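Engineer: Sharing run_35.pdb here; it has PDB, C-alpha atoms.
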```
ATOM      1  CA  PRO A 156      -9.204  23.146  -2.683
ATOM      2  CA  ARG A 157      -6.818  21.483  -5.118
ATOM      3  CA  ALA A 158      -8.412  20.544  -8.403
ATOM      4  CA  ALA A 159      -8.944  16.845  -9.032
ATOM      5  CA  ARG A 160      -6.145  15.222 -10.979
ATOM      6  CA  PRO A 161      -7.256  14.533 -14.559
ATOM      7  CA  THR A 162      -7.821  10.950 -15.553
ATOM      8  CA  LEU A 163      -4.804   9.477 -17.222
ATOM      9  CA  SER A 164      -5.338   8.444 -20.818
ATOM     10  CA  SER A 165      -3.589   5.564 -22.478
ATOM     11  CA  PRO A 166      -0.090   6.516 -23.691
ATOM     12  CA  ARG A 167       0.279   7.866 -27.179
ATOM     13  CA  PRO A 168       2.033   5.576 -29.633
ATOM     14  CA  PRO A 169       5.706   6.561 -29.916
ATOM     15  CA  ARG A 170       6.617   8.821 -32.837
ATOM     16  CA  ARG A 171      10.355   8.280 -32.679
ATOM     17  CA  ALA A 172      10.260   5.486 -35.266
ATOM     18  CA  ALA A 173       8.317   7.631 -37.736
ATOM     19  CA  ALA A 174      10.721  10.509 -37.243
ATOM     20  CA  ARG A 175      13.659   8.217 -37.881
ATOM     21  CA  VAL A 176      12.137   6.976 -41.148
ATOM     22  CA  GLU A 177      11.594  10.537 -42.403
ATOM     23  CA  CYS A 178      15.119  11.595 -41.450
ATOM     24  CA  SER A 179      16.583   8.524 -43.059
ATOM     25  CA  HIS A 180      14.809   9.436 -46.290
ATOM     26  CA  LEU A 181      16.248  12.964 -46.197
ATOM     27  CA  GLU A 182      19.700  11.700 -45.381
ATOM     28  CA  HIS A 183      19.658   9.296 -48.298
ATOM     29  CA  GLY A 184      18.368  12.137 -50.471
ATOM     30  CA  ASN A 185      21.272  14.286 -49.339
ATOM     31  CA  MET A 186      23.701  11.589 -50.373
ATOM     32  CA  ARG A 187      22.264  11.634 -53.887
ATOM     33  CA  GLN A 188      22.252  15.417 -54.164
ATOM     34  CA  PRO A 189      25.237  17.519 -55.241
ATOM     35  CA  THR A 190      27.218  19.541 -52.755
ATOM     36  CA  SER A 191      25.000  22.591 -53.361
ATOM     37  CA  THR A 192      22.342  21.379 -50.922
ATOM     38  CA  SER A 193      19.483  23.789 -50.560
ATOM     39  CA  ARG A 194      18.972  25.678 -47.333
ATOM     40  CA  ARG A 195      15.567  24.014 -46.958
ATOM     41  CA  THR A 196      17.013  20.527 -47.087
ATOM     42  CA  ALA A 197      19.757  21.453 -44.617
ATOM     43  CA  LEU A 198      17.201  22.853 -42.196
ATOM     44  CA  ALA A 199      15.103  19.717 -42.518
ATOM     45  CA  SER A 200      18.118  17.527 -41.798
ATOM     46  CA  ALA A 201      19.016  19.610 -38.758
ATOM     47  CA  LEU A 202      15.435  19.379 -37.511
ATOM     48  CA  CYS A 203      15.475  15.594 -37.855
ATOM     49  CA  GLY A 204      18.723  15.396 -35.931
ATOM     50  CA  ALA A 205      17.173  17.417 -33.126
ATOM     51  CA  LEU A 206      14.140  15.146 -33.063
ATOM     52  CA  LEU A 207      16.279  12.040 -32.845
ATOM     53  CA  SER A 208      18.312  13.419 -29.964
ATOM     54  CA  ALA A 209      15.348  14.906 -28.043
ATOM     55  CA  PRO A 210      14.024  13.191 -24.904
ATOM     56  CA  GLN A 211      11.113  10.828 -25.448
ATOM     57  CA  ALA A 212       8.782  12.994 -23.340
ATOM     58  CA  ALA A 213       9.208  15.848 -25.796
ATOM     59  CA  ILE A 214       8.185  13.603 -28.671
ATOM     60  CA  THR A 215       5.217  11.920 -27.050
ATOM     61  CA  GLY A 216       3.691  15.203 -25.894
ATOM     62  CA  PRO A 217       3.346  17.071 -22.607
ATOM     63  CA  VAL A 218       2.500  15.343 -19.319
ATOM     64  CA  SER A 219       0.377  16.735 -16.525
ATOM     65  CA  ALA A 220       1.880  19.247 -14.137
ATOM     66  CA  ALA A 221       1.538  16.747 -11.273
ATOM     67  CA  GLU A 222       3.489  14.100 -13.178
ATOM     68  CA  GLN A 223       6.399  16.526 -13.592
ATOM     69  CA  LEU A 224       6.821  16.995  -9.827
ATOM     70  CA  PRO A 225       9.503  15.010  -7.972
ATOM     71  CA  ALA A 226       8.262  11.859  -6.274
ATOM     72  CA  ALA A 227       8.769  13.377  -2.801
ATOM     73  CA  SER A 228       6.598  16.375  -3.710
ATOM     74  CA  LEU A 229       3.883  14.085  -5.067
ATOM     75  CA  ALA A 230       4.048  12.036  -1.867
ATOM     76  CA  ALA A 231       3.659  15.180   0.260
ATOM     77  CA  GLU A 232       0.594  16.163  -1.756
ATOM     78  CA  LEU A 233      -0.780  12.646  -1.316
ATOM     79  CA  LEU A 234      -0.437  12.837   2.465
ATOM     80  CA  ALA A 235      -2.170  16.231   2.453
ATOM     81  CA  LEU A 236      -5.183  14.676   0.705
ATOM     82  CA  ILE A 237      -5.778  12.046   3.395
ATOM     83  CA  PRO A 238      -8.119  13.284   6.148
ATOM     84  CA  SER A 239      -7.686  12.714   9.869
ATOM     85  CA  MET A 240     -10.286  10.291  11.179
ATOM     86  CA  GLU A 241     -11.918  10.010  14.573
ATOM     87  CA  PHE A 242      -9.834   8.104  17.148
ATOM     88  CA  GLY A 243      -6.878   8.240  14.768
ATOM     89  CA  ALA A 244      -8.231   5.400  12.636
ATOM     90  CA  PRO A 245      -6.914   4.966   9.094
ATOM     91  CA  ALA A 246      -9.119   6.450   6.404
ATOM     92  CA  THR A 247     -10.519   3.881   3.980
ATOM     93  CA  ASN A 248     -12.402   3.851   0.706
ATOM     94  CA  ALA A 249     -15.515   3.022   2.763
ATOM     95  CA  THR A 250     -15.176   5.812   5.339
ATOM     96  CA  VAL A 251     -14.406   8.839   3.139
ATOM     97  CA  PRO A 252     -16.481  10.223   0.246
ATOM     98  CA  PRO A 253     -16.041   8.125  -2.918
ATOM     99  CA  ALA A 254     -14.678  11.083  -4.904
ATOM    100  CA  LEU A 255     -11.984  11.669  -2.297
ATOM    101  CA  ALA A 256     -11.082   7.968  -2.219
ATOM    102  CA  ARG A 257     -10.647   7.989  -5.998
ATOM    103  CA  LYS A 258      -8.483  11.109  -5.798
ATOM    104  CA  ILE A 259      -6.264   9.614  -3.081
ATOM    105  CA  GLU A 260      -5.799   6.368  -4.993
ATOM    106  CA  ALA A 261      -5.065   8.167  -8.276
ATOM    107  CA  ARG A 262      -2.417  10.317  -6.596
ATOM    108  CA  ALA A 263      -0.905   7.233  -4.935
ATOM    109  CA  ALA A 264      -0.621   5.614  -8.371
ATOM    110  CA  ALA A 265       1.150   8.741  -9.666
ATOM    111  CA  VAL A 266       3.681   8.502  -6.830
ATOM    112  CA  GLU A 267       4.222   4.807  -7.528
ATOM    113  CA  ARG A 268       5.033   5.485 -11.170
ATOM    114  CA  GLN A 269       8.083   7.470 -10.039
ATOM    115  CA  ALA A 270       9.199   5.004  -7.377
ATOM    116  CA  ALA A 271      12.712   3.649  -7.119
ATOM    117  CA  ARG A 272      13.867   0.044  -7.316
ATOM    118  CA  ASP A 273      15.041  -2.200  -4.475
ATOM    119  CA  ASN A 274      12.892  -0.566  -1.806
ATOM    120  CA  ALA A 275      12.762  -3.915  -0.001
ATOM    121  CA  LYS A 276      16.509  -3.571   0.683
ATOM    122  CA  ASP A 277      16.308   0.058   1.823
ATOM    123  CA  PRO A 278      17.267   0.260   5.529
ATOM    124  CA  ARG A 279      14.565   2.910   6.029
ATOM    125  CA  LEU A 280      11.939   0.177   5.686
ATOM    126  CA  SER A 281      12.770  -1.160   9.159
ATOM    127  CA  ASP A 282      10.913   1.162  11.524
ATOM    128  CA  SER A 283       7.481   1.776  13.033
ATOM    129  CA  TRP A 284       4.806   2.901  10.562
ATOM    130  CA  ARG A 285       1.293   4.197  11.135
ATOM    131  CA  LEU A 286      -1.390   3.297   8.591
ATOM    132  CA  ILE A 287      -3.367   6.349   7.428
ATOM    133  CA  TYR A 288      -5.233   5.032   4.353
ATOM    134  CA  SER A 289      -6.180   1.664   2.893
ATOM    135  CA  ASN A 290      -8.719   0.010   0.629
ATOM    136  CA  GLY A 291      -7.768  -3.461   1.883
ATOM    137  CA  ARG A 292     -10.646  -5.662   2.967
ATOM    138  CA  GLU A 293      -9.382  -6.410   6.484
ATOM    139  CA  ILE A 294      -8.832  -2.733   7.332
ATOM    140  CA  THR A 295     -12.117  -1.688   5.753
ATOM    141  CA  ASN A 296     -13.984  -4.311   7.800
ATOM    142  CA  LEU A 297     -12.366  -3.161  11.034
ATOM    143  CA  ALA A 298     -13.073   0.485  10.217
ATOM    144  CA  THR A 299     -16.743  -0.119   9.424
ATOM    145  CA  GLY A 300     -17.995  -3.194  11.221
ATOM    146  CA  LEU A 301     -17.113  -3.369  14.943
ATOM    147  CA  PRO A 302     -20.109  -4.003  17.273
ATOM    148  CA  LEU A 303     -21.196  -2.653  20.671
ATOM    149  CA  GLY A 304     -19.855   0.851  20.200
ATOM    150  CA  PHE A 305     -16.258  -0.209  19.488
ATOM    151  CA  VAL A 306     -14.327   1.582  16.744
ATOM    152  CA  LEU A 307     -10.916   1.141  15.185
ATOM    153  CA  GLY A 308      -8.260   3.543  16.422
ATOM    154  CA  LYS A 309      -4.649   4.060  15.432
ATOM    155  CA  THR A 310      -3.073   1.198  13.519
ATOM    156  CA  TYR A 311       0.663   0.588  13.433
ATOM    157  CA  GLN A 312       3.023  -1.722  11.565
ATOM    158  CA  PRO A 313       6.492  -2.062  13.080
ATOM    159  CA  VAL A 314       8.913  -3.821  10.709
ATOM    160  CA  ASP A 315      12.381  -5.234  11.311
ATOM    161  CA  VAL A 316      13.663  -6.879   8.147
ATOM    162  CA  GLN A 317      17.047  -7.709   9.685
ATOM    163  CA  THR A 318      15.491  -9.961  12.339
ATOM    164  CA  GLY A 319      12.609 -11.023  10.065
ATOM    165  CA  ARG A 320       9.797  -9.632  12.226
ATOM    166  CA  PHE A 321       6.704  -7.539  11.610
ATOM    167  CA  GLU A 322       3.441  -6.839  13.414
ATOM    168  CA  ASN A 323       0.094  -5.255  12.602
ATOM    169  CA  GLN A 324      -1.130  -3.484  15.731
ATOM    170  CA  GLY A 325      -4.715  -2.252  15.754
ATOM    171  CA  LEU A 326      -6.089  -0.236  18.680
ATOM    172  CA  VAL A 327      -9.814  -0.644  19.313
ATOM    173  CA  GLU A 328     -11.563   2.106  21.285
ATOM    174  CA  HIS A 329     -15.062   2.408  22.755
ATOM    175  CA  ARG A 330     -16.979   5.555  21.892
ATOM    176  CA  LEU A 331     -18.016   6.049  25.524
ATOM    177  CA  GLY A 332     -14.657   5.040  26.972
ATOM    178  CA  LEU A 333     -16.077   1.874  28.540
ATOM    179  CA  ALA A 334     -13.216  -0.338  27.376
ATOM    180  CA  ARG A 335     -10.128  -0.539  25.206
ATOM    181  CA  ALA A 336      -9.155  -3.549  23.144
ATOM    182  CA  SER A 337      -6.585  -4.447  20.501
ATOM    183  CA  THR A 338      -5.814  -6.753  17.613
ATOM    184  CA  LEU A 339      -2.321  -7.979  16.858
ATOM    185  CA  VAL A 340      -0.916  -9.868  13.892
ATOM    186  CA  ILE A 341       2.529 -11.386  14.437
ATOM    187  CA  GLY A 342       4.468 -12.519  11.398
ATOM    188  CA  ASP A 343       7.752 -13.113   9.623
ATOM    189  CA  VAL A 344       9.129 -10.967   6.792
ATOM    190  CA  ARG A 345      11.951 -11.578   4.294
ATOM    191  CA  LEU A 346      13.093 -10.434   0.868
ATOM    192  CA  ALA A 347      11.145 -12.073  -1.947
ATOM    193  CA  PRO A 348      13.044 -13.870  -4.729
ATOM    194  CA  PRO A 349      13.218 -11.956  -8.030
ATOM    195  CA  GLY A 350      10.602 -12.851 -10.616
ATOM    196  CA  THR A 351       8.039 -14.340  -8.252
ATOM    197  CA  LEU A 352       4.310 -13.805  -8.784
ATOM    198  CA  ASN A 353       1.913 -12.639  -6.074
ATOM    199  CA  ALA A 354      -1.772 -13.493  -5.760
ATOM    200  CA  ALA A 355      -2.695 -10.667  -8.147
ATOM    201  CA  GLY A 356      -0.306 -12.027 -10.798
ATOM    202  CA  THR A 357       2.194  -9.165 -10.458
ATOM    203  CA  ARG A 358       5.811 -10.206 -11.028
ATOM    204  CA  ASN A 359       8.584  -9.044  -8.700
ATOM    205  CA  GLU A 360      10.702  -7.219 -11.266
ATOM    206  CA  ARG A 361      11.806  -4.140  -9.298
ATOM    207  CA  GLY A 362      13.148  -5.655  -6.088
ATOM    208  CA  ASN A 363      10.410  -4.038  -3.997
ATOM    209  CA  ARG A 364       8.730  -7.202  -2.662
ATOM    210  CA  VAL A 365       8.884  -8.845   0.727
ATOM    211  CA  ASP A 366       7.310 -12.221   1.480
ATOM    212  CA  VAL A 367       5.362 -12.465   4.729
ATOM    213  CA  ASP A 368       4.151 -15.367   6.853
ATOM    214  CA  PHE A 369       1.375 -14.813   9.385
ATOM    215  CA  ARG A 370       2.170 -16.728  12.572
ATOM    216  CA  ARG A 371      -0.362 -15.601  15.173
ATOM    217  CA  LEU A 372      -3.437 -13.361  15.416
ATOM    218  CA  THR A 373      -4.572 -12.145  18.824
ATOM    219  CA  PHE A 374      -7.648 -10.312  20.093
ATOM    220  CA  GLY A 375      -7.271  -8.681  23.508
ATOM    221  CA  LEU A 376      -9.249  -6.680  26.074
ATOM    222  CA  ASP A 377      -6.723  -4.307  27.617
ATOM    223  CA  ALA A 378      -8.669  -1.850  29.816
ATOM    224  CA  VAL A 379     -12.122  -1.412  31.372
ATOM    225  CA  LEU A 380     -13.544   1.976  32.425
ATOM    226  CA  GLY A 381     -10.184   3.554  31.760
ATOM    227  CA  LYS A 382      -8.261   1.184  34.047
ATOM    228  CA  PRO A 383      -5.732  -1.178  32.431
ATOM    229  CA  LEU A 384      -6.236  -4.829  33.319
ATOM    230  CA  GLU A 385      -3.376  -6.387  35.276
ATOM    231  CA  THR A 386      -3.724  -9.466  33.077
ATOM    232  CA  PRO A 387      -5.326  -8.518  29.752
ATOM    233  CA  LEU A 388      -7.840 -10.983  28.364
ATOM    234  CA  ARG A 389      -6.483 -12.477  25.166
ATOM    235  CA  LYS A 390      -7.589 -14.928  22.502
ATOM    236  CA  VAL A 391      -4.883 -16.417  20.281
ATOM    237  CA  VAL A 392      -5.422 -17.759  16.777
ATOM    238  CA  VAL A 393      -2.776 -19.942  15.112
ATOM    239  CA  THR A 394      -2.609 -19.142  11.393
ATOM    240  CA  ARG A 395      -1.366 -21.685   8.872
ATOM    241  CA  GLN A 396      -0.907 -20.851   5.202
ATOM    242  CA  ASN A 397      -2.717 -23.010   2.654
ATOM    243  CA  PRO A 398       0.120 -24.692   0.694
ATOM    244  CA  ASP A 399      -1.880 -24.397  -2.536
ATOM    245  CA  ALA A 400      -2.356 -20.628  -2.170
ATOM    246  CA  ALA A 401       0.019 -17.917  -3.370
ATOM    247  CA  GLN A 402       2.762 -16.836  -1.008
ATOM    248  CA  PRO A 403       1.558 -13.741   0.915
ATOM    249  CA  ALA A 404       3.659 -10.768  -0.140
ATOM    250  CA  ASN A 405       3.812  -6.979  -0.004
ATOM    251  CA  ASP A 406       5.302  -4.676  -2.624
ATOM    252  CA  VAL A 407       6.912  -1.532  -1.187
ATOM    253  CA  THR A 408       6.089   0.653  -4.158
ATOM    254  CA  TYR A 409       7.309   3.923  -2.605
ATOM    255  CA  LEU A 410       9.548   4.723   0.349
ATOM    256  CA  ASP A 411      11.087   7.909   1.727
ATOM    257  CA  ALA A 412      11.927   9.385   5.118
ATOM    258  CA  THR A 413       8.264  10.108   5.886
ATOM    259  CA  CYS A 414       5.964   8.045   3.681
ATOM    260  CA  ARG A 415       5.622   4.425   2.581
ATOM    261  CA  ILE A 416       3.205   3.003   0.012
ATOM    262  CA  THR A 417       2.622  -0.737  -0.042
ATOM    263  CA  ARG A 418       0.551  -3.000  -2.257
ATOM    264  CA  GLY A 419      -0.735  -6.224  -0.747
ATOM    265  CA  GLY A 420      -0.695  -9.511  -2.593
ATOM    266  CA  ASP A 421      -4.201  -8.765  -3.885
ATOM    267  CA  ASP A 422      -3.084  -5.269  -5.004
ATOM    268  CA  ALA A 423      -4.820  -3.553  -2.060
ATOM    269  CA  LEU A 424      -3.369  -0.125  -1.228
ATOM    270  CA  PHE A 425      -1.780   0.761   2.127
ATOM    271  CA  ILE A 426      -0.341   4.232   2.825
ATOM    272  CA  PHE A 427       1.814   4.719   5.932
ATOM    273  CA  VAL A 428       3.626   7.540   7.684
ATOM    274  CA  ARG A 429       6.675   6.954   9.834
ATOM    275  CA  GLU A 430       5.459   7.163  13.436
ATOM    276  CA  ARG A 431       6.234   5.220  16.591
ATOM    277  CA  GLY A 432       3.316   3.909  18.624
ATOM    278  CA  ASN A 433       3.112   3.220  22.352
ATOM    279  CA  ARG A 434       3.339  -0.561  21.972
ATOM    280  CA  PRO A 435       6.819  -1.954  21.268
ATOM    281  CA  MET A 436       7.168  -4.932  18.977
ATOM    282  CA  LEU A 437       7.438  -8.276  20.734
ATOM    283  CA  SER A 438      10.993  -9.399  21.319
ATOM    284  CA  LEU A 439      12.225 -12.659  19.853
ATOM    285  CA  GLU A 440      11.776 -14.308  23.259
ATOM    286  CA  GLU A 441       8.235 -12.950  23.677
ATOM    287  CA  ARG A 442       7.322 -14.196  20.215
ATOM    288  CA  GLU A 443       8.525 -17.693  21.000
ATOM    289  CA  ALA A 444       6.586 -17.710  24.269
ATOM    290  CA  LEU A 445       3.425 -16.692  22.410
ATOM    291  CA  PHE A 446       3.982 -19.350  19.759
ATOM    292  CA  ALA A 447       4.240 -21.971  22.508
ATOM    293  CA  GLU A 448       0.783 -21.076  23.860
ATOM    294  CA  GLY A 449      -1.065 -22.580  20.931
ATOM    295  CA  GLY A 450      -4.634 -21.512  20.227
ATOM    296  CA  ALA A 451      -7.460 -22.036  17.762
ATOM    297  CA  ALA A 452      -5.980 -23.047  14.410
ATOM    298  CA  ILE A 453      -7.178 -21.717  11.062
ATOM    299  CA  THR A 454      -5.829 -21.998   7.529
ATOM    300  CA  THR A 455      -5.358 -18.756   5.627
ATOM    301  CA  GLY A 456      -5.393 -18.370   1.870
ATOM    302  CA  SER A 457      -8.289 -20.807   1.506
ATOM    303  CA  GLY A 458     -11.175 -18.400   1.036
ATOM    304  CA  ASP A 459     -14.028 -17.398   3.310
ATOM    305  CA  ALA A 460     -15.866 -20.704   2.928
ATOM    306  CA  ASP A 461     -13.138 -22.542   4.828
ATOM    307  CA  LEU A 462     -12.992 -19.838   7.490
ATOM    308  CA  GLN A 463     -16.619 -20.470   8.386
ATOM    309  CA  LYS A 464     -15.892 -24.056   9.503
ATOM    310  CA  GLY A 465     -14.007 -23.332  12.699
ATOM    311  CA  ALA A 466     -12.714 -19.798  12.852
ATOM    312  CA  PRO A 467     -13.390 -17.601  15.892
ATOM    313  CA  PRO A 468     -16.212 -15.080  15.382
ATOM    314  CA  GLU A 469     -13.746 -12.180  15.567
ATOM    315  CA  LEU A 470     -11.834 -13.545  12.588
ATOM    316  CA  LYS A 471     -15.017 -14.208  10.610
ATOM    317  CA  ALA A 472     -15.976 -10.564  11.055
ATOM    318  CA  LEU A 473     -12.497  -9.436  10.084
ATOM    319  CA  LEU A 474     -12.410 -11.431   6.847
ATOM    320  CA  ARG A 475     -16.038 -11.206   5.796
ATOM    321  CA  GLU A 476     -16.713 -10.197   2.220
ATOM    322  CA  GLU A 477     -17.016  -6.450   1.770
ATOM    323  CA  ARG A 478     -20.514  -5.286   0.910
ATOM    324  CA  ARG A 479     -20.610  -4.423  -2.766
ATOM    325  CA  ASP A 480     -23.520  -2.013  -2.401
ATOM    326  CA  ARG A 481     -21.654   0.383  -0.099
ATOM    327  CA  VAL A 482     -21.274   3.646  -1.966
ATOM    328  CA  GLU A 483     -21.333   6.238   0.816
ATOM    329  CA  PRO A 484     -19.201   6.480   3.982
ATOM    330  CA  ILE A 485     -20.870   4.883   6.966
ATOM    331  CA  ALA A 486     -22.269   7.191   9.594
ATOM    332  CA  SER A 487     -20.169   5.762  12.442
ATOM    333  CA  SER A 488     -16.909   6.957  10.879
ATOM    334  CA  ARG A 489     -16.207  10.648  11.262
ATOM    335  CA  VAL A 490     -13.785  12.684   9.214
ATOM    336  CA  LEU A 491     -12.173  15.306  11.428
ATOM    337  CA  ARG A 492     -10.926  17.492   8.590
TER     338      ARG A 492
END
```
Reformat the file's structure so that it appears as structure tokens.
Structural biologist:
Amino acid sequence: PRAARPTLSSPRPPRRAAARVECSHLEHGNMRQPTSTSRRTALASALCGALLSAPQAAITGPVSAAEQLPAASLAAELLALIPSMEFGAPATNATVPPALARKIEARAAAVERQAARDNAKDPRLSDSWRLIYSNGREITNLATGLPLGFVLGKTYQPVDVQTGRFENQGLVEHRLGLARASTLVIGDVRLAPPGTLNAAGTRNERGNRVDVDFRRLTFGLDAVLGKPLETPLRKVVVTRQNPDAAQPANDVTYLDATCRITRGGDDALFIFVRERGNRPMLSLEEREALFAEGGAAITTGSGDADLQKGAPPELKALLREERRDRVEPIASSRVLR
């Protein structure tokens, strides 16, 4: 197995300024000396010139071998760290061993440090993505807390920035195959203005942020005993953003042909691979028809206390506070490799 990546230490203070002061002293000394400059002084001057022209990395000291790899190679190593979970569910920090979760998140941070700018404008962002790892509260709750033998399965996020649409599609399976259900978040997506702050206080300085608005949340029962229902049972929740809360946003911190890393507005980590699911995204017409249905209304961005007043029980379970005493993966989640 690959050795754990060493913990990053705080960066060393730059030595370029000190080198420049020493070279300046020698240069001024050379100006005062006669033309018969000693070989030692000439060598010292040449050494200072080399120091001043050397890359900063050479001055500040060596970096780890992993940090020297191209971003795409680091991303491939990151994907190799993430285990396959039962039913295709995303791995989470609550369903894999804590040491592995720390290793995954440290490697993700290493990839992010080499990420490009303007990922939000990259046309590769618009596609179907499958979530394979997250430490976000909503995903962790789905992966650890479903009742009656139900478990989270594959989770997809189709995105179409051009038409301003995105969805979060969660498949919910029963361990004995008694039923199949689903959760669906329907929302709008757009480029975020430069310089804006998210809920975590991070400023949009790299052009990697998209603002999102959650429009509807549905819970559906799609099949019973392996037979799809002709008319699936569905509960619709109308989500309204608290005007006093921060604008929901996602930072696309890394993007390539295979992998995407996103940070939520609260800095939660989401790692995706490009993969198309079986459920197409709702068309513009289907979205409008769903919006016209109405449903139970809740206000998001107001905290769990407000959710308890009138939210459906499914949403209360989804947004409940994560247990702080959970240190080991729960028994109901199985790592397949």
Engineer: For each of A:Tyr311, A:Phe425, A:Phe321, A:Tyr409, take the minimum atom-to-atom distance to Asp277 (chain A), counting all atoms listed in the file, then give the residue where this is smallest.
Structural biologist: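 Counting all atoms listed in the file, the residue closest to Asp277 (chain A) is A:Tyr409.
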Engineer: Specify as a short mmCIF file (atom, residue, chain, number, x, y, z; two decimals) with C-alpha atoms, keeping the file's coordinate frame each residue included when the PyMOL selection byres ((chain A and resi 236) around 12) is applied to this file.
Structural biologist:
```
data_model
loop_
_atom_site.label_atom_id
_atom_site.label_comp_id
_atom_site.auth_asym_id
_atom_site.auth_seq_id
_atom_site.Cartn_x
_atom_site.Cartn_y
_atom_site.Cartn_z
CA PRO A 156 -9.20 23.15 -2.68
CA ARG A 157 -6.82 21.48 -5.12
CA ALA A 158 -8.41 20.54 -8.40
CA ALA A 159 -8.94 16.84 -9.03
CA ARG A 160 -6.14 15.22 -10.98
CA LEU A 229 3.88 14.08 -5.07
CA ALA A 230 4.05 12.04 -1.87
CA ALA A 231 3.66 15.18 0.26
CA GLU A 232 0.59 16.16 -1.76
CA LEU A 233 -0.78 12.65 -1.32
CA LEU A 234 -0.44 12.84 2.46
CA ALA A 235 -2.17 16.23 2.45
CA ILE A 237 -5.78 12.05 3.40
CA PRO A 238 -8.12 13.28 6.15
CA SER A 239 -7.69 12.71 9.87
CA ALA A 246 -9.12 6.45 6.40
CA VAL A 251 -14.41 8.84 3.14
CA ALA A 254 -14.68 11.08 -4.90
CA LEU A 255 -11.98 11.67 -2.30
CA ALA A 256 -11.08 7.97 -2.22
CA ARG A 257 -10.65 7.99 -6.00
CA LYS A 258 -8.48 11.11 -5.80
CA ILE A 259 -6.26 9.61 -3.08
CA GLU A 260 -5.80 6.37 -4.99
CA ALA A 261 -5.07 8.17 -8.28
CA ARG A 262 -2.42 10.32 -6.60
CA ALA A 263 -0.90 7.23 -4.93
CA ILE A 287 -3.37 6.35 7.43
CA TYR A 288 -5.23 5.03 4.35
CA ILE A 426 -0.34 4.23 2.82
CA ARG A 492 -10.93 17.49 8.59
#
```
Engineer: Between A:Gly420, A:Gly381, A:Gly243, A:Pro435, which residue has the minimum interatomic distance to Ala355 (chain A), considering only C-alpha atoms?
Structural biologist: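 Looking only at the distances to Ala355 (chain A), the closest residue turns out to be A:Gly420.
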Engineer: Tell me which protein, DNA and RNA residues are within 12 Å of Leu445 (chain A), counting all atoms listed in the file, leaving out same-chain ones fewer than 3 positions away, and put them as a list in words.
Structural biologist: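 Final neighbour list, sorted by chain and number: Leu339, Val340, Ile341, Gly342, Arg370, Arg371, Leu372, Thr373, Arg389, Lys390, Val391, Val392, Val393, Leu437, Ser438, Leu439, Glu440, Glu441, Arg442, Glu448, Gly449 and Gly450 of chain A.
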Engineer: Hey, which of A:Arg279, A:Arg345, A:Arg272, A:Lys382 ends up closest to Asp366 (chain A)? Count all atoms listed in the file.
Structural biologist: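 Looking at the shortest contact to Asp366 (chain A), the residue is A:Arg345.
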